[in-house]
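**Student:** Contents of my_file-v3.cif (mmCIF, C-alpha atoms and all ligand atoms):
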data_upload
loop_
_atom_site.label_atom_id
_atom_site.label_comp_id
_atom_site.auth_asym_id
_atom_site.auth_seq_id
_atom_site.Cartn_x
_atom_site.Cartn_y
_atom_site.Cartn_z
CA MET A 163 -20.21 -20.00 -57.63
CA TYR A 164 -20.82 -16.31 -58.38
CA ASN A 165 -19.13 -14.79 -61.38
CA PHE A 166 -18.04 -11.26 -60.52
CA ASP A 167 -15.43 -11.45 -63.28
CA LYS A 168 -18.03 -11.33 -66.05
CA VAL A 169 -17.68 -8.07 -68.02
CA ARG A 170 -20.97 -6.42 -68.99
CA ASN A 171 -20.88 -3.67 -71.59
CA ARG A 172 -23.12 -0.93 -70.19
CA ILE A 173 -22.27 1.73 -72.77
CA GLY A 174 -25.37 2.76 -74.70
CA THR A 175 -27.72 1.27 -72.07
CA TYR A 176 -28.58 4.68 -70.53
CA SER A 177 -26.38 3.73 -67.57
CA PHE A 178 -25.74 7.04 -65.84
CA LYS A 179 -22.25 5.93 -64.89
CA TRP A 180 -21.13 4.80 -68.34
CA ASP A 181 -23.06 7.12 -70.64
CA GLN A 182 -22.43 10.41 -68.80
CA TYR A 183 -19.19 10.93 -70.75
CA GLN A 184 -20.73 10.38 -74.22
CA ASP A 185 -17.42 8.70 -75.08
CA GLU A 186 -17.29 4.94 -75.46
CA ASN A 187 -13.52 4.91 -74.88
CA ILE A 188 -13.81 6.06 -71.28
CA LEU A 189 -13.69 3.46 -68.51
CA ALA A 190 -16.22 4.63 -65.93
CA LEU A 191 -15.13 3.87 -62.37
CA SER A 192 -17.06 6.78 -60.93
CA THR A 193 -20.76 6.84 -59.92
CA ALA A 194 -21.62 4.55 -56.99
CA ASP A 195 -23.19 1.57 -58.67
CA MET A 196 -21.56 -1.73 -59.56
CA ASP A 197 -21.03 -3.46 -62.89
CA PHE A 198 -22.26 -6.79 -61.51
CA ASP A 199 -25.59 -8.54 -62.00
CA SER A 200 -27.75 -8.44 -58.88
CA PRO A 201 -28.27 -11.82 -57.15
CA LYS A 202 -30.47 -14.20 -59.13
CA GLU A 203 -32.88 -14.47 -56.18
CA ILE A 204 -33.76 -10.79 -56.68
CA LYS A 205 -34.26 -11.22 -60.41
CA GLU A 206 -36.53 -14.21 -59.74
CA ALA A 207 -38.57 -12.25 -57.18
CA LEU A 208 -39.02 -9.40 -59.68
CA ILE A 209 -40.06 -11.76 -62.46
CA ALA A 210 -42.53 -13.48 -60.12
CA ARG A 211 -43.98 -10.10 -59.14
CA ALA A 212 -44.22 -9.05 -62.79
CA GLU A 213 -46.08 -12.28 -63.58
CA GLU A 214 -48.87 -11.26 -61.18
CA GLY A 215 -50.11 -8.70 -63.67
CA ILE A 216 -51.64 -6.30 -61.11
CA TYR A 217 -49.30 -3.54 -59.91
CA ALA A 218 -51.72 -1.49 -57.87
CA TYR A 219 -51.57 -0.08 -54.31
CA GLU A 220 -49.94 -2.58 -52.02
CA ASP A 221 -49.30 -2.88 -48.29
CA LYS A 222 -46.02 -4.19 -46.96
CA SER A 223 -46.31 -7.93 -46.41
CA GLU A 224 -45.43 -10.05 -43.41
CA GLY A 225 -42.55 -11.42 -45.52
CA TYR A 226 -41.22 -7.90 -46.14
CA TYR A 227 -41.15 -7.03 -42.44
CA GLN A 228 -39.64 -10.37 -41.50
CA ALA A 229 -36.92 -9.83 -44.10
CA VAL A 230 -35.93 -6.40 -42.72
CA GLU A 231 -36.07 -7.57 -39.09
CA GLY A 232 -34.24 -10.81 -39.90
CA TRP A 233 -31.52 -8.91 -41.74
CA TYR A 234 -30.71 -6.75 -38.73
CA GLU A 235 -30.92 -9.73 -36.40
CA ARG A 236 -28.58 -11.91 -38.49
CA ARG A 237 -26.11 -9.36 -39.78
CA PHE A 238 -25.91 -6.94 -36.86
CA HIS A 239 -27.34 -8.83 -33.87
CA TRP A 240 -29.81 -6.03 -33.37
CA ALA A 241 -33.47 -6.74 -32.64
CA ILE A 242 -35.56 -4.00 -34.21
CA LYS A 243 -39.24 -3.47 -33.55
CA ARG A 244 -41.65 -3.46 -36.45
CA GLU A 245 -43.10 -0.07 -35.57
CA TRP A 246 -39.63 1.52 -35.92
CA ILE A 247 -39.50 0.68 -39.64
CA THR A 248 -40.66 3.09 -42.28
CA ASN A 249 -39.59 3.84 -45.86
CA THR A 250 -39.19 6.39 -48.62
CA PRO A 251 -38.44 6.30 -52.35
CA GLY A 252 -34.64 6.58 -51.97
CA VAL A 253 -32.06 7.75 -49.47
CA TRP A 254 -32.02 11.41 -50.48
CA THR A 255 -35.79 11.69 -50.12
CA ALA A 256 -35.47 10.30 -46.59
CA MET A 257 -32.65 12.71 -45.78
CA HIS A 258 -34.64 15.66 -47.09
CA LEU A 259 -37.67 14.64 -44.97
CA CYS A 260 -35.47 14.19 -41.88
CA VAL A 261 -33.93 17.65 -42.26
CA GLU A 262 -37.39 19.18 -42.63
CA ALA A 263 -38.80 17.15 -39.74
CA PHE A 264 -36.01 17.75 -37.22
CA THR A 265 -35.06 21.38 -37.92
CA GLU A 266 -36.57 24.76 -38.79
CA PRO A 267 -35.83 27.01 -41.80
CA GLY A 268 -32.55 28.83 -41.27
CA ASP A 269 -31.19 26.25 -38.78
CA ALA A 270 -27.66 24.94 -39.12
CA VAL A 271 -27.15 21.33 -40.24
CA LEU A 272 -23.74 19.79 -39.68
CA VAL A 273 -21.87 17.40 -41.95
CA HIS A 274 -18.33 15.99 -41.92
CA SER A 275 -16.09 17.17 -44.71
CA PRO A 276 -14.98 15.99 -47.23
CA HIS A 277 -18.60 15.21 -48.02
CA PHE A 278 -20.69 13.80 -50.83
CA SER A 279 -22.00 16.41 -53.28
CA PRO A 280 -25.81 15.92 -52.98
CA ILE A 281 -25.75 16.84 -49.27
CA PRO A 282 -25.28 20.62 -49.71
CA ASN A 283 -28.10 20.60 -52.27
CA ILE A 284 -30.44 18.84 -49.85
CA VAL A 285 -29.69 21.20 -46.98
CA LYS A 286 -30.03 24.22 -49.27
CA GLY A 287 -33.23 22.77 -50.77
CA CYS A 288 -34.68 22.64 -47.24
CA HIS A 289 -33.68 26.30 -46.70
CA ARG A 290 -31.29 25.34 -43.91
CA ARG A 291 -27.60 26.25 -43.58
CA MET A 292 -24.98 23.56 -44.06
CA VAL A 293 -21.95 23.84 -41.78
CA THR A 294 -18.98 21.49 -41.87
CA ASN A 295 -16.58 19.87 -39.47
CA VAL A 296 -13.42 18.88 -41.30
CA MET A 297 -12.18 15.32 -40.71
CA PRO A 298 -8.41 15.53 -40.58
CA TYR A 299 -6.20 12.74 -41.91
CA ASP A 300 -4.21 11.27 -39.03
CA LYS A 301 -0.90 10.15 -40.51
CA ALA A 302 0.09 7.98 -37.55
CA ALA A 303 -3.26 6.19 -37.51
CA GLY A 304 -3.34 6.06 -41.33
CA LYS A 305 -6.95 7.18 -41.51
CA TYR A 306 -9.30 10.13 -41.38
CA VAL A 307 -10.51 10.84 -37.85
CA ILE A 308 -13.18 12.94 -36.19
CA ASP A 309 -11.94 16.06 -34.43
CA PHE A 310 -14.46 15.98 -31.59
CA ALA A 311 -13.33 19.27 -30.03
CA SER A 312 -13.89 21.13 -33.27
CA MET A 313 -17.18 19.27 -33.83
CA GLU A 314 -18.42 20.50 -30.46
CA ASN A 315 -17.22 24.03 -31.20
CA VAL A 316 -19.07 24.13 -34.52
CA ILE A 317 -22.23 22.85 -32.83
CA ILE A 318 -22.05 25.58 -30.18
CA LYS A 319 -21.01 28.41 -32.51
CA GLU A 320 -23.56 27.66 -35.22
CA GLN A 321 -26.30 26.36 -32.92
CA VAL A 322 -26.50 23.19 -34.95
CA LYS A 323 -29.85 21.38 -34.82
CA ALA A 324 -29.11 18.26 -36.88
CA PHE A 325 -26.05 16.27 -37.87
CA ILE A 326 -25.97 14.32 -41.13
CA MET A 327 -23.66 11.41 -40.44
CA ILE A 328 -22.57 9.24 -43.35
CA ASN A 329 -21.32 5.92 -41.99
CA PRO A 330 -19.45 4.30 -43.73
CA GLN A 331 -18.30 7.76 -44.70
CA ASN A 332 -18.29 8.74 -48.35
CA PRO A 333 -15.61 9.46 -49.65
CA THR A 334 -13.08 8.57 -46.90
CA GLY A 335 -14.38 5.02 -46.37
CA ARG A 336 -14.26 5.33 -42.58
CA VAL A 337 -16.48 2.94 -40.61
CA PHE A 338 -16.93 4.62 -37.27
CA THR A 339 -16.03 2.56 -34.21
CA GLU A 340 -18.26 2.00 -31.21
CA GLU A 341 -16.15 4.47 -29.26
CA GLU A 342 -16.46 7.17 -31.91
CA LEU A 343 -20.20 6.63 -32.23
CA LYS A 344 -20.70 6.82 -28.46
CA LYS A 345 -18.76 10.07 -28.35
CA ILE A 346 -20.91 11.49 -31.17
CA GLY A 347 -24.00 10.45 -29.19
CA GLU A 348 -22.72 12.20 -26.06
CA ILE A 349 -21.96 15.46 -27.85
CA CYS A 350 -25.23 15.48 -29.77
CA ALA A 351 -27.23 14.68 -26.61
CA LYS A 352 -25.53 17.55 -24.78
CA TYR A 353 -26.76 20.07 -27.37
CA GLN A 354 -29.95 18.25 -28.46
CA VAL A 355 -28.74 17.73 -32.00
CA SER A 356 -30.75 15.17 -33.99
CA ILE A 357 -28.74 12.68 -36.02
CA ILE A 358 -29.56 11.59 -39.55
CA SER A 359 -27.44 8.48 -40.05
CA ASP A 360 -27.01 7.45 -43.69
CA GLU A 361 -25.83 3.84 -43.46
CA VAL A 362 -26.40 2.85 -47.07
CA HIS A 363 -22.79 1.68 -47.53
CA GLY A 364 -22.85 -0.41 -44.33
CA HIS A 365 -23.05 -3.84 -45.95
CA VAL A 366 -19.60 -3.72 -47.52
CA VAL A 367 -16.76 -3.74 -44.99
CA TYR A 368 -13.13 -4.87 -45.05
CA ASP A 369 -10.32 -6.09 -42.82
CA GLY A 370 -12.49 -7.08 -39.86
CA HIS A 371 -14.14 -3.66 -39.51
CA ARG A 372 -17.70 -3.87 -38.25
CA HIS A 373 -20.44 -1.49 -39.25
CA LEU A 374 -22.66 -0.64 -36.28
CA PRO A 375 -26.15 0.74 -36.88
CA ALA A 376 -26.02 3.92 -34.79
CA CYS A 377 -29.17 3.28 -32.76
CA MET A 378 -27.83 0.03 -31.28
CA VAL A 379 -24.71 1.66 -29.84
CA SER A 380 -26.05 3.78 -26.95
CA GLU A 381 -29.26 5.10 -25.39
CA GLU A 382 -28.34 8.63 -26.51
CA LEU A 383 -28.01 7.54 -30.12
CA LYS A 384 -31.16 5.45 -29.95
CA HIS A 385 -33.21 8.49 -29.00
CA LEU A 386 -31.54 11.05 -31.28
CA THR A 387 -31.12 9.12 -34.50
CA ALA A 388 -32.99 8.23 -37.68
CA ILE A 389 -31.16 5.50 -39.60
CA ILE A 390 -31.50 5.59 -43.37
CA THR A 391 -30.41 2.50 -45.20
CA ALA A 392 -31.19 0.48 -48.33
CA PRO A 393 -30.10 -2.61 -50.20
CA SER A 394 -29.39 -0.33 -53.17
CA LYS A 395 -25.59 -0.06 -52.92
CA SER A 396 -24.77 -3.58 -51.80
CA PHE A 397 -27.14 -5.44 -54.15
CA ASN A 398 -26.92 -2.96 -57.04
CA LEU A 399 -30.59 -1.95 -56.78
CA GLN A 400 -30.15 1.81 -57.24
CA GLY A 401 -32.81 1.83 -59.95
CA MET A 402 -35.36 0.53 -57.42
CA THR A 403 -35.21 3.91 -55.61
CA TYR A 404 -36.10 2.66 -52.15
CA ALA A 405 -34.83 3.38 -48.64
CA VAL A 406 -35.63 1.76 -45.33
CA VAL A 407 -35.80 4.23 -42.45
CA ILE A 408 -35.49 3.03 -38.85
CA ILE A 409 -36.42 5.41 -36.03
CA PRO A 410 -36.71 3.83 -32.57
CA ASP A 411 -37.60 7.05 -30.73
CA GLU A 412 -41.34 7.64 -30.79
CA ASP A 413 -41.25 11.45 -30.81
CA LEU A 414 -38.61 11.61 -33.50
CA ARG A 415 -40.50 9.04 -35.55
CA GLU A 416 -43.73 10.98 -35.26
CA LYS A 417 -41.97 14.14 -36.49
CA PHE A 418 -40.68 12.20 -39.47
CA GLU A 419 -44.02 10.56 -40.19
CA ALA A 420 -45.82 13.90 -40.01
CA GLU A 421 -43.52 15.19 -42.75
CA ARG A 422 -43.84 11.99 -44.78
CA ARG A 423 -47.63 11.97 -44.54
CA GLY A 424 -47.62 15.21 -46.50
CA TYR A 425 -46.53 13.22 -49.55
CA ASN A 426 -48.91 10.29 -49.05
CA MET A 427 -45.94 7.97 -49.36
CA GLU A 428 -47.46 5.17 -47.32
CA PHE A 429 -50.22 4.72 -49.85
CA ALA A 430 -48.21 4.48 -53.04
CA VAL A 431 -45.14 2.26 -52.82
CA ASN A 432 -43.29 0.76 -55.76
CA VAL A 433 -44.34 -2.90 -55.69
CA PHE A 434 -41.15 -4.01 -57.43
CA SER A 435 -39.01 -2.30 -54.79
CA LEU A 436 -40.87 -4.20 -52.09
CA ALA A 437 -40.24 -7.52 -53.84
CA ALA A 438 -36.56 -6.68 -54.36
CA VAL A 439 -36.01 -5.53 -50.76
CA GLU A 440 -37.65 -8.65 -49.39
CA ALA A 441 -35.54 -10.95 -51.56
CA ALA A 442 -32.30 -9.03 -50.88
CA TYR A 443 -32.74 -9.07 -47.11
CA SER A 444 -33.94 -12.67 -46.84
CA LYS A 445 -32.21 -14.71 -49.56
CA CYS A 446 -28.92 -13.10 -50.53
CA ASP A 447 -26.53 -13.32 -47.55
CA ARG A 448 -24.17 -15.70 -49.33
CA TRP A 449 -24.05 -13.52 -52.42
CA LEU A 450 -23.23 -10.50 -50.28
CA ASP A 451 -20.48 -12.37 -48.44
CA ALA A 452 -18.99 -13.43 -51.78
CA LEU A 453 -19.24 -9.83 -53.03
CA ASN A 454 -17.38 -8.58 -49.94
CA GLU A 455 -14.63 -11.11 -50.64
CA TYR A 456 -14.37 -10.10 -54.29
CA LEU A 457 -14.25 -6.40 -53.44
CA LEU A 458 -11.52 -7.03 -50.86
CA GLY A 459 -9.57 -8.74 -53.64
CA ASN A 460 -10.09 -5.65 -55.83
CA LEU A 461 -8.99 -3.36 -53.00
CA ASN A 462 -5.81 -5.36 -52.41
CA PHE A 463 -5.12 -5.48 -56.14
CA LEU A 464 -5.56 -1.69 -56.44
CA THR A 465 -3.37 -0.97 -53.40
CA GLU A 466 -0.54 -3.24 -54.53
CA TYR A 467 -0.69 -2.00 -58.12
CA ILE A 468 -0.50 1.65 -57.12
CA GLU A 469 2.22 1.11 -54.51
CA LYS A 470 4.35 -0.68 -57.12
CA ASN A 471 3.62 1.36 -60.22
CA ILE A 472 2.36 4.81 -59.24
CA PRO A 473 3.73 5.32 -55.73
CA ASP A 474 3.08 9.07 -55.83
CA ILE A 475 -0.65 8.34 -55.51
CA LYS A 476 -1.62 7.59 -51.93
CA VAL A 477 -4.43 5.08 -51.46
CA ILE A 478 -6.61 5.90 -48.46
CA ARG A 479 -7.64 2.34 -47.62
CA PRO A 480 -11.39 2.30 -46.97
CA GLU A 481 -12.81 0.36 -44.03
CA GLY A 482 -16.12 0.01 -45.85
CA SER A 483 -17.88 0.74 -49.20
CA TYR A 484 -16.58 0.21 -52.73
CA MET A 485 -15.39 3.77 -53.04
CA VAL A 486 -11.67 4.40 -52.65
CA TRP A 487 -10.27 7.87 -51.98
CA LEU A 488 -7.00 8.53 -53.77
CA ASP A 489 -4.60 11.34 -52.87
CA PHE A 490 -3.04 12.87 -56.00
CA ARG A 491 -1.63 15.94 -54.25
CA LYS A 492 2.02 14.97 -54.87
CA PHE A 493 1.48 15.76 -58.55
CA GLY A 494 0.70 19.38 -57.69
CA LYS A 495 -2.11 19.64 -60.23
CA THR A 496 -5.21 21.81 -60.04
CA PRO A 497 -8.61 20.03 -60.07
CA GLU A 498 -9.05 21.07 -63.71
CA GLU A 499 -5.61 19.75 -64.69
CA LEU A 500 -6.39 16.44 -62.96
CA ARG A 501 -9.72 16.26 -64.78
CA GLN A 502 -8.04 16.81 -68.15
CA LEU A 503 -5.34 14.29 -67.36
CA LEU A 504 -7.85 11.59 -66.43
CA LEU A 505 -10.15 12.24 -69.37
CA GLY A 506 -7.11 12.33 -71.66
CA ALA A 507 -6.23 8.85 -70.37
CA HIS A 508 -9.86 7.76 -70.91
CA ILE A 509 -10.54 7.28 -67.23
CA GLY A 510 -13.72 8.37 -65.42
CA PHE A 511 -13.33 8.94 -61.67
CA THR A 512 -15.50 11.08 -59.39
CA TYR A 513 -13.65 14.38 -59.11
CA GLY A 514 -12.33 15.12 -55.65
CA ASP A 515 -13.27 18.80 -55.63
CA SER A 516 -16.97 17.82 -55.87
CA PHE A 517 -16.59 16.69 -52.21
CA GLY A 518 -15.91 20.23 -51.02
CA PRO A 519 -12.64 22.16 -50.62
CA GLU A 520 -11.09 19.30 -48.61
CA GLY A 521 -11.44 17.10 -51.69
CA GLU A 522 -9.16 19.16 -53.93
CA GLY A 523 -6.19 17.11 -55.12
CA TYR A 524 -8.08 13.85 -54.56
CA GLU A 525 -10.11 11.55 -56.80
CA ARG A 526 -12.63 8.84 -55.90
CA ILE A 527 -12.47 5.50 -57.71
CA ASN A 528 -15.26 2.92 -57.68
CA ILE A 529 -13.90 -0.64 -57.42
CA GLY A 530 -17.32 -2.29 -57.89
CA CYS A 531 -16.31 -3.76 -61.23
CA PRO A 532 -14.67 -6.89 -62.63
CA ARG A 533 -10.96 -7.06 -61.76
CA SER A 534 -9.99 -7.01 -65.43
CA VAL A 535 -11.73 -3.62 -65.84
CA LEU A 536 -9.97 -2.29 -62.74
CA GLU A 537 -6.65 -3.53 -64.08
CA LYS A 538 -7.21 -1.89 -67.47
CA CYS A 539 -8.04 1.39 -65.73
CA LEU A 540 -4.92 1.20 -63.57
CA GLU A 541 -2.77 0.49 -66.62
CA ARG A 542 -4.13 3.66 -68.21
CA LEU A 543 -3.42 5.60 -65.02
CA LYS A 544 0.11 4.25 -64.95
CA GLY A 545 0.54 5.27 -68.59
CA ALA A 546 -0.55 8.80 -67.74
CA LEU A 547 1.31 9.21 -64.45
CA GLY A 548 3.43 6.18 -63.72
CA THR A 549 7.01 6.28 -62.64
CA GLY A 550 7.54 2.55 -61.96
C1 LIG B 1 -23.65 8.08 -48.85
C2 LIG B 1 -24.72 7.90 -49.89
N1 LIG B 1 -26.00 8.07 -49.54
C3 LIG B 1 -26.99 7.91 -50.43
C4 LIG B 1 -26.74 7.58 -51.74
C5 LIG B 1 -27.90 7.41 -52.68
O1 LIG B 1 -28.51 6.20 -52.45
P1 LIG B 1 -29.81 5.77 -53.30
O2 LIG B 1 -29.57 6.25 -54.69
O3 LIG B 1 -29.84 4.28 -53.21
O4 LIG B 1 -31.00 6.38 -52.67
C6 LIG B 1 -25.42 7.45 -52.16
C7 LIG B 1 -25.12 7.17 -53.58
O5 LIG B 1 -24.00 7.26 -54.04
C8 LIG B 1 -24.37 7.57 -51.21
O6 LIG B 1 -23.10 7.38 -51.54
#
Let me see the file written as structure tokens.

**Tutor:**
Amino acid sequence: MYNFDKVRNRIGTYSFKWDQYQDENILALSTADMDFDSPKEIKEALIARAEEGIYAYEDKSEGYYQAVEGWYERRFHWAIKREWITNTPGVWTAMHLCVEAFTEPGDAVLVHSPHFSPIPNIVKGCHRRMVTNVMPYDKAAGKYVIDFASMENVIIKEQVKAFIMINPQNPTGRVFTEEELKKIGEICAKYQVSIISDEVHGHVVYDGHRHLPACMVSEELKHLTAIITAPSKSFNLQGMTYAVVIIPDEDLREKFEAERRGYNMEFAVNVFSLAAVEAAYSKCDRWLDALNEYLLGNLNFLTEYIEKNIPDIKVIRPEGSYMVWLDFRKFGKTPEELRQLLLGAHIGFTYGDSFGPEGEGYERINIGCPRSVLEKCLERLKGALGTG
């Protein structure tokens, strides 16, 4: 019914992912977008909006709000109130505004490490200090875990005022459980730490894991947290630069809105983003379910291929998102040597050391591509490293 196997050539299209290497021989499985067409319902909504001919200032429609509310009701069994919903042009803009709204210059902002590379830039750009709590890999559990004792220590020692939580976590792929989220809520409530919960990868999950929007988990989280989400990752709408922000707590929301007002964002909204968000959240559930199935197939294919052919790479199986964290440490190579090896094999991954010191010796692969492209990439990797 949906053809995720179709290969689209994106080289020479100004695709950031594919054209960043300036080398048409490189297979780009790096930057977090997918090589799939978005659902046809979104394309139709955009064409219909384009046909209108006027693209001027526009309010959010009843249909837009119903789509966002309906999405959370259907997919997460969470009833959100309309006044909790706000928006920005993109996730990073929302994160930047949250940091400015919830903290003061010089304050410490906490993030789990390994962490995604734009986060330090945002915190620095807000003239705050980024501090990290390292997520250790628990061998017995086979996953990265949160060291709550050390998290609490960092919060006390650095007098942390806000915590940027990425859930599902990028790059480890962890989807935090209800228990973990509750514990985070308890610790943050104890020290009055605001939570900025980036949930943009929350619509792709595997193996029965369930993404839980933080604010629905406990009263503490409801009052401490701003959720930032978007259909960008799951429906391949990154070029629409739009984020939905959900803040149930009135005081927290007012702080955010005061910051946002400074940019007059309510007045000028991209009309195409609104049409795309409405269509994604109201008409594309079946497409998303099919995508999840296809990506699970890719994940299983990748895991089995590497176990059989390149067993010295360890696959950290993600619980959510189409990013997979690969442990190359057995090869004993420096980040630069790994980079050269991958480029020499015409493979583009996201380099592990860009996720902070805990990322050294790792690489992140993006499996949001047709299986044949993934297979070709893995064959190249096997050629460069394989022992099987
Ligand atoms: C965790 C996380 N947050 C935010 C973003 C950016 O989202 P957008 O470009 O849709 O604003 C990314 C993109 O890779 C991401 O991985």

**Student:** Please identify all protein, DNA and RNA residues within 7 Å of ligand LIG 1 (chain B), counting all atoms listed in the file, and report them as a ChimeraX atom specification.

**Tutor:** /A:193-194,252-254,278,328,331-332,360,362-363,392,394-395,400,403-405

**Student:** Pick the closest to Ile389 in chain A from A:Leu500, A:Val407, A:Ala218, A:Leu461: which is it, counting all atoms listed in the file?

**Tutor:** A:Val407

**Student:** Wanna dump the range 364-428 of chain A-range 344-358 of chain A contacts at 8 Å for me, each residue with its shortest atom pair and the distance in Å to one decimal, counting all atoms listed in the file, ordered by chain and number, as CSV?

**Tutor:**
residue,atom,partner,partner_atom,distance
A:Val379,CA,A:Lys344,CA,6.7
A:Ser380,CA,A:Lys344,CA,6.3
A:Glu382,CA,A:Gly347,CA,5.4
A:Leu383,CA,A:Gly347,CA,5.0
A:Leu386,CA,A:Ser356,CA,5.0
A:Thr387,CA,A:Ile357,CA,4.5
A:Ala388,CA,A:Ile358,CA,5.2
A:Ile389,CA,A:Ile358,CA,6.3
A:Ile390,CA,A:Ile358,CA,7.4

**Student:** If we count all atoms listed in the file, what is near Ile475 in chain A at a cut-off of 8 Å, once residues fewer than 3 positions away on the same chain are taken out, given as a ChimeraX atom specification?

**Tutor:** /A:468-469,472,488-492

**Student:** Counting only C-alpha atoms, which residues have an atom no more than 10 Å from (-29.2, 23.1, -37.2) in the file's coordinates? Please list them as a VMD selection string.

**Tutor:** chain A and resid 261 264 to 272 285 290 to 293 317 320 to 325 355 to 356

**Student:** Rank A:Ser192, A:Gln184, A:Asn398, A:Thr255 by their smallest atom-to-atom distance to Tyr513 in chain A, using only C-alpha atoms, and report the top residue only.

**Tutor:**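 Residue with the minimum atom-to-atom distance to Tyr513 in chain A: A:Ser192.
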